[in-house]
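**Q** To be precise about what I am sending: the file is called my_file15.txt and holds compact mmCIF, C-alpha atoms.
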```txt
# COMPACT_ATOMS: atom_id res chain seq x y z
CA MET A 10 38.42 18.58 46.12
CA MET A 11 41.18 19.24 43.58
CA ALA A 12 39.85 16.56 41.21
CA ASN A 13 36.38 18.12 41.41
CA ALA A 14 37.83 21.59 40.84
CA ASP A 15 39.84 20.48 37.81
CA ALA A 16 36.81 18.74 36.31
CA SER A 17 34.67 21.82 36.92
CA ARG A 18 37.19 24.13 35.21
CA VAL A 19 37.23 21.95 32.11
CA MET A 20 33.46 21.66 32.18
CA ALA A 21 33.01 25.44 32.43
CA ARG A 22 35.22 26.00 29.38
CA GLU A 23 33.31 23.42 27.32
CA MET A 24 30.02 24.91 28.52
CA ARG A 25 31.04 28.28 27.13
CA LYS A 26 31.67 26.65 23.75
CA ASP A 27 28.22 25.06 23.88
CA MET A 28 26.66 28.43 24.69
CA LEU A 29 28.32 30.00 21.67
CA ARG A 30 27.08 27.17 19.44
CA MET A 31 23.52 27.68 20.68
CA ALA A 32 23.72 31.44 20.23
CA LEU A 33 25.03 31.08 16.69
CA LYS A 34 22.32 28.55 15.91
CA ALA A 35 19.67 30.94 17.23
CA GLY A 36 20.65 33.47 14.57
CA ALA A 37 18.64 36.69 14.55
CA SER A 38 16.63 35.71 17.63
CA GLY A 39 19.85 35.75 19.68
CA ALA A 40 20.56 34.47 23.18
CA HIS A 41 21.24 35.98 26.60
CA LEU A 42 24.96 35.27 26.47
CA GLY A 43 26.30 37.80 28.97
CA GLY A 44 24.43 36.56 32.01
CA ALA A 45 24.80 32.95 30.92
CA LEU A 46 28.58 33.15 30.63
CA SER A 47 28.81 34.50 34.18
CA LEU A 48 27.06 31.32 35.38
CA ALA A 49 29.48 28.81 33.87
CA GLU A 50 31.54 27.99 36.96
CA ILE A 51 28.53 28.03 39.28
CA LEU A 52 26.66 25.49 37.17
CA SER A 53 29.72 23.39 36.42
CA VAL A 54 30.31 22.97 40.16
CA LEU A 55 26.66 22.12 40.80
CA PHE A 56 26.62 19.48 38.07
CA SER A 57 30.06 18.02 38.82
CA GLY A 58 29.61 16.81 42.34
CA VAL A 59 27.12 18.92 44.31
CA LEU A 60 23.65 18.08 42.97
CA ARG A 61 22.35 14.69 44.10
CA PHE A 62 20.09 12.93 41.62
CA ASP A 63 19.61 9.62 39.83
CA PRO A 64 20.52 10.08 36.13
CA GLN A 65 18.11 7.27 35.27
CA ASP A 66 15.15 8.60 37.28
CA PRO A 67 14.45 12.33 36.81
CA LYS A 68 11.30 12.09 38.97
CA GLN A 69 12.98 10.53 42.00
CA GLU A 70 11.28 12.19 44.97
CA ASN A 71 14.45 12.72 47.01
CA ARG A 72 16.40 14.37 44.19
CA ASP A 73 17.98 17.78 44.70
CA ARG A 74 16.11 20.49 42.80
CA LEU A 75 17.77 23.28 40.81
CA ILE A 76 15.62 26.35 40.13
CA LEU A 77 17.04 28.78 37.56
CA SER A 78 15.04 31.83 38.57
CA LYS A 79 17.08 34.04 36.21
CA GLY A 80 15.60 32.13 33.30
CA HIS A 81 17.40 34.17 30.65
CA GLY A 82 20.53 32.20 31.64
CA ALA A 83 18.97 29.12 30.04
CA VAL A 84 21.80 28.42 27.61
CA ALA A 85 24.17 28.02 30.58
CA LEU A 86 21.82 25.47 32.16
CA TYR A 87 21.46 23.55 28.89
CA ALA A 88 25.23 23.58 28.40
CA ALA A 89 25.78 22.23 31.92
CA MET A 90 23.25 19.48 31.27
CA HIS A 91 24.99 18.63 28.02
CA GLN A 92 28.40 18.41 29.64
CA ALA A 93 26.94 16.31 32.47
CA GLY A 94 25.54 13.81 29.97
CA LEU A 95 21.91 14.82 30.53
CA ALA A 96 21.43 16.31 27.07
CA SER A 97 22.72 15.29 23.66
CA ASP A 98 24.65 17.03 20.89
CA ALA A 99 21.40 16.98 18.91
CA ASP A 100 19.65 18.82 21.76
CA ILE A 101 22.28 21.57 21.72
CA ASP A 102 21.86 21.88 17.96
CA SER A 103 18.08 22.19 18.45
CA PHE A 104 18.11 25.21 20.78
CA LYS A 105 14.98 27.29 20.08
CA ALA A 106 13.83 24.83 17.41
CA CYS A 107 10.08 24.41 17.07
CA ASN A 108 8.65 21.95 19.61
CA HIS A 109 12.05 21.24 21.17
CA TRP A 110 12.45 21.37 24.95
CA MET A 111 15.48 23.68 24.86
CA THR A 112 13.50 26.90 24.69
CA ALA A 113 14.69 30.49 25.15
CA HIS A 114 13.72 30.28 28.83
CA PRO A 115 13.31 26.99 30.70
CA VAL A 116 9.82 25.48 30.64
CA LEU A 117 8.71 22.94 33.26
CA ASP A 118 9.67 19.48 32.02
CA ILE A 119 10.63 17.04 34.77
CA ASN A 120 11.64 14.38 32.24
CA HIS A 121 14.37 16.79 31.13
CA ARG A 122 15.13 17.95 34.71
CA LEU A 123 13.58 21.37 34.27
CA GLU A 124 11.86 21.95 37.61
CA PHE A 125 10.33 25.36 36.97
CA THR A 126 9.12 27.60 34.15
CA SER A 127 11.14 30.79 34.44
CA GLY A 128 11.62 33.98 32.52
CA SER A 129 9.53 36.45 34.52
CA LEU A 130 12.08 37.47 37.12
CA GLY A 131 11.58 37.22 40.87
CA GLN A 132 9.40 34.11 41.01
CA GLY A 133 11.86 31.27 41.47
CA LEU A 134 12.49 31.71 45.19
CA SER A 135 8.76 31.74 45.98
CA PHE A 136 8.35 28.46 44.13
CA ALA A 137 11.40 26.98 45.86
CA ALA A 138 10.21 28.09 49.30
CA GLY A 139 6.90 26.33 48.82
CA CYS A 140 8.68 23.17 47.67
CA ALA A 141 11.16 23.39 50.55
CA LEU A 142 8.37 23.60 53.12
CA ARG A 143 6.67 20.54 51.63
CA LEU A 144 9.96 18.64 51.45
CA LYS A 145 11.40 19.85 54.76
CA ASN A 146 11.61 16.36 56.26
CA LYS A 147 13.10 14.83 53.11
CA PRO A 148 16.84 14.54 52.39
CA CYS A 149 16.59 16.62 49.20
CA ARG A 150 17.89 20.17 48.84
CA LEU A 151 16.84 23.10 46.69
CA PHE A 152 19.29 25.40 44.90
CA VAL A 153 17.95 28.67 43.49
CA ILE A 154 19.97 30.84 41.11
CA LEU A 155 19.05 34.52 41.13
CA GLY A 156 20.55 37.48 39.32
CA ASP A 157 21.67 40.54 41.26
CA GLY A 158 19.40 42.69 39.10
CA GLU A 159 16.59 40.24 39.81
CA CYS A 160 17.00 41.02 43.52
CA ASN A 161 15.29 44.35 42.74
CA GLU A 162 12.03 42.39 42.71
CA GLY A 163 9.92 42.68 45.86
CA GLN A 164 8.70 39.10 45.54
CA VAL A 165 12.26 37.89 46.19
CA TRP A 166 12.22 39.48 49.64
CA GLU A 167 8.73 38.24 50.52
CA ALA A 168 9.94 34.73 49.78
CA ALA A 169 13.15 35.35 51.72
CA MET A 170 11.15 36.32 54.81
CA PHE A 171 8.93 33.24 54.41
CA ALA A 172 11.94 30.91 54.15
CA ALA A 173 13.63 32.42 57.19
CA HIS A 174 10.41 32.30 59.25
CA HIS A 175 10.03 28.59 58.51
CA ALA A 176 13.78 27.88 58.97
CA LEU A 177 14.00 26.32 55.54
CA ASN A 178 17.64 25.31 55.72
CA ASN A 179 17.13 23.00 52.75
CA ILE A 180 17.28 26.06 50.46
CA THR A 181 20.48 27.58 49.12
CA VAL A 182 20.22 30.75 47.04
CA ILE A 183 23.14 31.56 44.75
CA VAL A 184 23.10 35.15 43.53
CA ASP A 185 24.95 35.64 40.24
CA ALA A 186 26.28 39.08 41.16
CA ASN A 187 27.78 40.24 37.87
CA THR A 188 26.92 43.94 38.59
CA LEU A 189 25.10 44.48 35.27
CA GLN A 190 21.48 44.13 34.24
CA TYR A 191 19.56 44.91 31.06
CA ASP A 192 19.48 48.66 31.62
CA GLY A 193 23.05 49.09 32.86
CA LYS A 194 24.96 48.84 36.13
CA THR A 195 22.97 47.45 39.03
CA GLN A 196 24.23 50.18 41.35
CA ASP A 197 22.84 52.81 38.97
CA ILE A 198 19.47 51.14 38.37
CA LEU A 199 18.73 50.41 42.04
CA ASP A 200 21.68 50.35 44.41
CA MET A 201 21.10 47.57 46.94
CA GLY A 202 24.38 48.00 48.77
CA ARG A 203 26.06 44.87 50.08
CA LEU A 204 23.79 41.99 49.11
CA GLU A 205 25.21 39.76 51.83
CA ASP A 206 24.03 42.28 54.41
CA LYS A 207 20.56 42.38 52.86
CA TRP A 208 20.17 38.60 53.00
CA ALA A 209 21.53 38.45 56.54
CA ALA A 210 19.04 41.13 57.60
CA PHE A 211 16.25 38.91 56.28
CA GLY A 212 17.38 36.03 58.49
CA TRP A 213 19.62 34.09 56.11
CA ALA A 214 23.14 32.78 56.61
CA ALA A 215 24.93 34.86 53.97
CA SER A 216 28.43 34.60 52.53
CA VAL A 217 30.43 35.91 49.57
CA VAL A 218 32.48 33.86 47.11
CA ASP A 219 34.39 34.44 43.88
CA GLY A 220 31.87 33.02 41.43
CA HIS A 221 34.59 31.94 39.01
CA ASP A 222 36.78 30.17 41.60
CA VAL A 223 35.61 26.57 41.30
CA ALA A 224 37.56 25.39 44.36
CA ALA A 225 35.94 28.09 46.50
CA LEU A 226 32.51 27.23 45.09
CA HIS A 227 33.00 23.53 45.84
CA ALA A 228 34.02 24.43 49.39
CA CYS A 229 30.98 26.60 50.13
CA LEU A 230 28.60 24.12 48.51
CA SER A 231 30.07 21.01 50.12
CA GLU A 232 27.88 18.65 52.11
CA GLY A 233 29.33 19.79 55.43
CA THR A 234 28.24 23.39 54.96
CA PHE A 235 24.59 22.36 54.87
CA LYS A 236 24.81 20.94 58.38
CA ALA A 237 26.48 24.02 59.83
CA THR A 238 23.38 26.21 60.07
CA SER A 239 19.64 25.93 60.71
CA LEU A 240 19.03 28.94 58.44
CA PRO A 241 18.44 29.11 54.70
CA ARG A 242 21.68 30.11 52.97
CA ALA A 243 22.49 32.83 50.48
CA ILE A 244 25.77 32.75 48.58
CA ILE A 245 26.69 35.97 46.80
CA ALA A 246 28.80 34.81 43.86
CA GLN A 247 30.81 37.74 42.53
CA THR A 248 31.05 37.23 38.78
CA VAL A 249 31.84 38.97 35.51
CA LYS A 250 29.14 39.34 32.88
CA GLY A 251 30.35 37.74 29.64
CA LYS A 252 33.17 35.95 31.50
CA GLY A 253 35.67 34.13 29.30
CA ILE A 254 35.20 36.13 26.11
CA SER A 255 37.13 39.40 26.09
CA PHE A 256 34.80 41.51 23.97
CA MET A 257 31.76 40.43 26.00
CA GLU A 258 33.18 40.87 29.51
CA ASN A 259 31.57 43.67 31.54
CA ASN A 260 29.67 44.77 28.45
CA ALA A 261 25.93 45.29 29.00
CA GLN A 262 25.34 45.18 25.24
CA TRP A 263 25.82 41.43 25.46
CA HIS A 264 22.98 40.99 27.94
CA HIS A 265 21.07 39.74 24.91
CA GLY A 266 23.29 39.58 21.87
CA ARG A 267 23.26 38.23 18.35
CA ILE A 268 26.58 36.75 17.35
CA SER A 269 27.94 36.62 13.85
CA GLN A 270 30.25 33.95 12.50
CA LYS A 271 33.11 36.39 13.04
CA HIS A 272 32.13 36.83 16.71
CA PHE A 273 31.84 33.08 17.08
CA ASP A 274 35.24 32.35 15.56
CA LYS A 275 36.98 34.97 17.69
CA ALA A 276 35.32 33.75 20.88
CA MET A 277 36.07 30.09 20.17
CA ALA A 278 39.70 30.95 19.50
CA GLU A 279 39.91 32.65 22.90
CA LEU A 280 38.43 29.58 24.59
CA GLY A 281 40.96 27.30 22.90
```
Before anything else, please render the file you have as structure tokens.

**A**
Amino acid sequence: MMANADASRVMAREMRKDMLRMALKAGASGAHLGGALSLAEILSVLFSGVLRFDPQDPKQENRDRLILSKGHGAVALYAAMHQAGLASDADIDSFKACNHWMTAHPVLDINHRLEFTSGSLGQGLSFAAGCALRLKNKPCRLFVILGDGECNEGQVWEAAMFAAHHALNNITVIVDANTLQYDGKTQDILDMGRLEDKWAAFGWAASVVDGHDVAALHACLSEGTFKATSLPRAIIAQTVKGKGISFMENNAQWHHGRISQKHFDKAMAELG
């Protein structure tokens, strides 16, 4: 566990550097850095020992599937893939380039391990629930990353009821609960109370974890936890928007920001 945790911490730091490089490359079109930076530890843990897949066969039927429903966190996903050896330096340098697969929001491309076209919020869990029902008797698992603001969407809860009704315990939802969305604080936009209570009320096994504690994330996503319940699982990962870069942390202005060279240099210095 400690070796996995140490590797995930290093990976998360390097992911943040990759995100900054992509954002700088994007120039005036910008990138959704705030909500991507809050995902770094979650994705580093998933890609450093949790997700089961064959690196040589992206279409292997029994692979685990990762659905980034909060598609605006794409740069975090691309950075994780890069650090896991599934994307190249040239790919990172081509973010948002014409005809390149690293688009502003993920677009379905199984050859590049993108399982779902996302961007319109609230749809990823519905897609995952349908897949999970079809794959229920297979050894593969589905991981769905939602934003806490995204949980305002009614479609999320329709899919949650469907998954609970069909006892789809091959689904794990991870809510990136960074308490901020585009318009401001989630509690001010639409206060949903304790998200773990909401998911439990919809028939899910719900728990809370520090979304930047890689050891805790490894523990709650370990193989043994999947066998402990017959219910779909929801993990509320408490995170900080803009995590790791002081002037971006807890700052809604960086939901979608455009970084200058000065911003980039300051942020890279903080990351070491």

**Q** One number please: atom CA of A:Cys140 to atom CA of A:Leu75, in Å, one decimal.

**A**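 Between atom CA of A:Cys140 and atom CA of A:Leu75 the gap works out to 11.4 Å.
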
**Q** Tell me which protein, DNA and RNA residues are within 7 Å of stretch 251-254 of chain A, counting all atoms listed in the file, leaving out same-chain ones fewer than 5 positions away, and put them as a PyMOL selection string.

**A** chain A and resi 42-44+46-47+259+276+279

**Q** Quick check, in Å to one decimal: how far apart do atom CA of A:Leu117 and atom CA of A:Met24 lie?

**A**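 Separation of atom CA of A:Leu117 and atom CA of A:Met24: 21.9 Å.
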
**Q** Tell me, counting all atoms listed in the file, for each residue of stretch 148-170 of chain A within 10 Å of stretch 82-90 of chain A, which pair of atoms is nearest and how far apart they are in Å to one decimal, in rows ordered by chain and increasing number, as a tab-separated table.

**A**
```
residue	atom	partner	partner_atom	distance
A:Ile154	CA	A:Gly82	CA	9.6
A:Leu155	CA	A:Gly82	CA	9.9
A:Gly156	CA	A:Gly82	CA	9.3
```

**Q** So which one's closest to A:Arg74, A:Thr181, A:Val54, A:Ala21, A:Ala168? Using all atoms listed in the file, please.

**A** A:Thr181

**Q** Would you kindly return, as a VMD selection string, each protein, DNA or RNA residue with an atom no farther than 12 Å from any atom of A:Gln164, considering all atoms listed in the file and excluding same-chain residues fewer than 5 positions away?

**A** chain A and resid 78 129 to 136 138 159 169 to 171

**Q** Quick check, in Å to one decimal: how far apart do atom CA of A:Asp219 and atom CA of A:Ala14 lie?

**A**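 For atom CA of A:Asp219 relative to atom CA of A:Ala14, the distance reads 13.6 Å.
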
**Q** Using all atoms listed in the file, find the one residue out of A:Ser255, A:Ala215, A:Phe273, A:Asn260 that sits nearest to A:Met28.

**A**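 The closest residue to A:Met28 is A:Phe273.
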
**Q** Go through stretch 219-278 of chain A residue by residue and, counting all atoms listed in the file, keep those with an atom at most 9 Å from stretch 199-210 of chain A; for each kept residue give the shortest atom pair and its distance in Å to one decimal, ordered by chain and increasing number, as a tab-separated table.

**A**
```
residue	atom	partner	partner_atom	distance
A:Arg242	CA	A:Trp208	CA	8.6
A:Ala243	CA	A:Trp208	CA	6.7
A:Ile244	CA	A:Glu205	CA	7.7
A:Ile245	CA	A:Glu205	CA	6.5
```

**Q** Counting only C-alpha atoms, which of A:Asp157, A:Glu124, A:Asp27, A:Glu70 gets nearest to A:Phe104?

**A** A:Asp27

**Q** Could you give me, as a list in words, the residues within 8 Å of A:Leu177, counting all atoms listed in the file and dropping anything in the same chain fewer than 2 positions from it?

**A** Ala138, Ala141, Leu142, Lys145, Ala172, Ala173, His174, His175, Asn179, Ile180, Ser239, Leu240 and Pro241 of chain A

**Q** Kindly indicate which residue among A:Ala32, A:Ala99, A:Leu52, A:Cys107 lies nearest to A:His265, using all atoms listed in the file for the distances.

**A**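 Of A:Ala32, A:Ala99, A:Leu52, A:Cys107, the one nearest A:His265, counting all atoms listed in the file, is A:Ala32.
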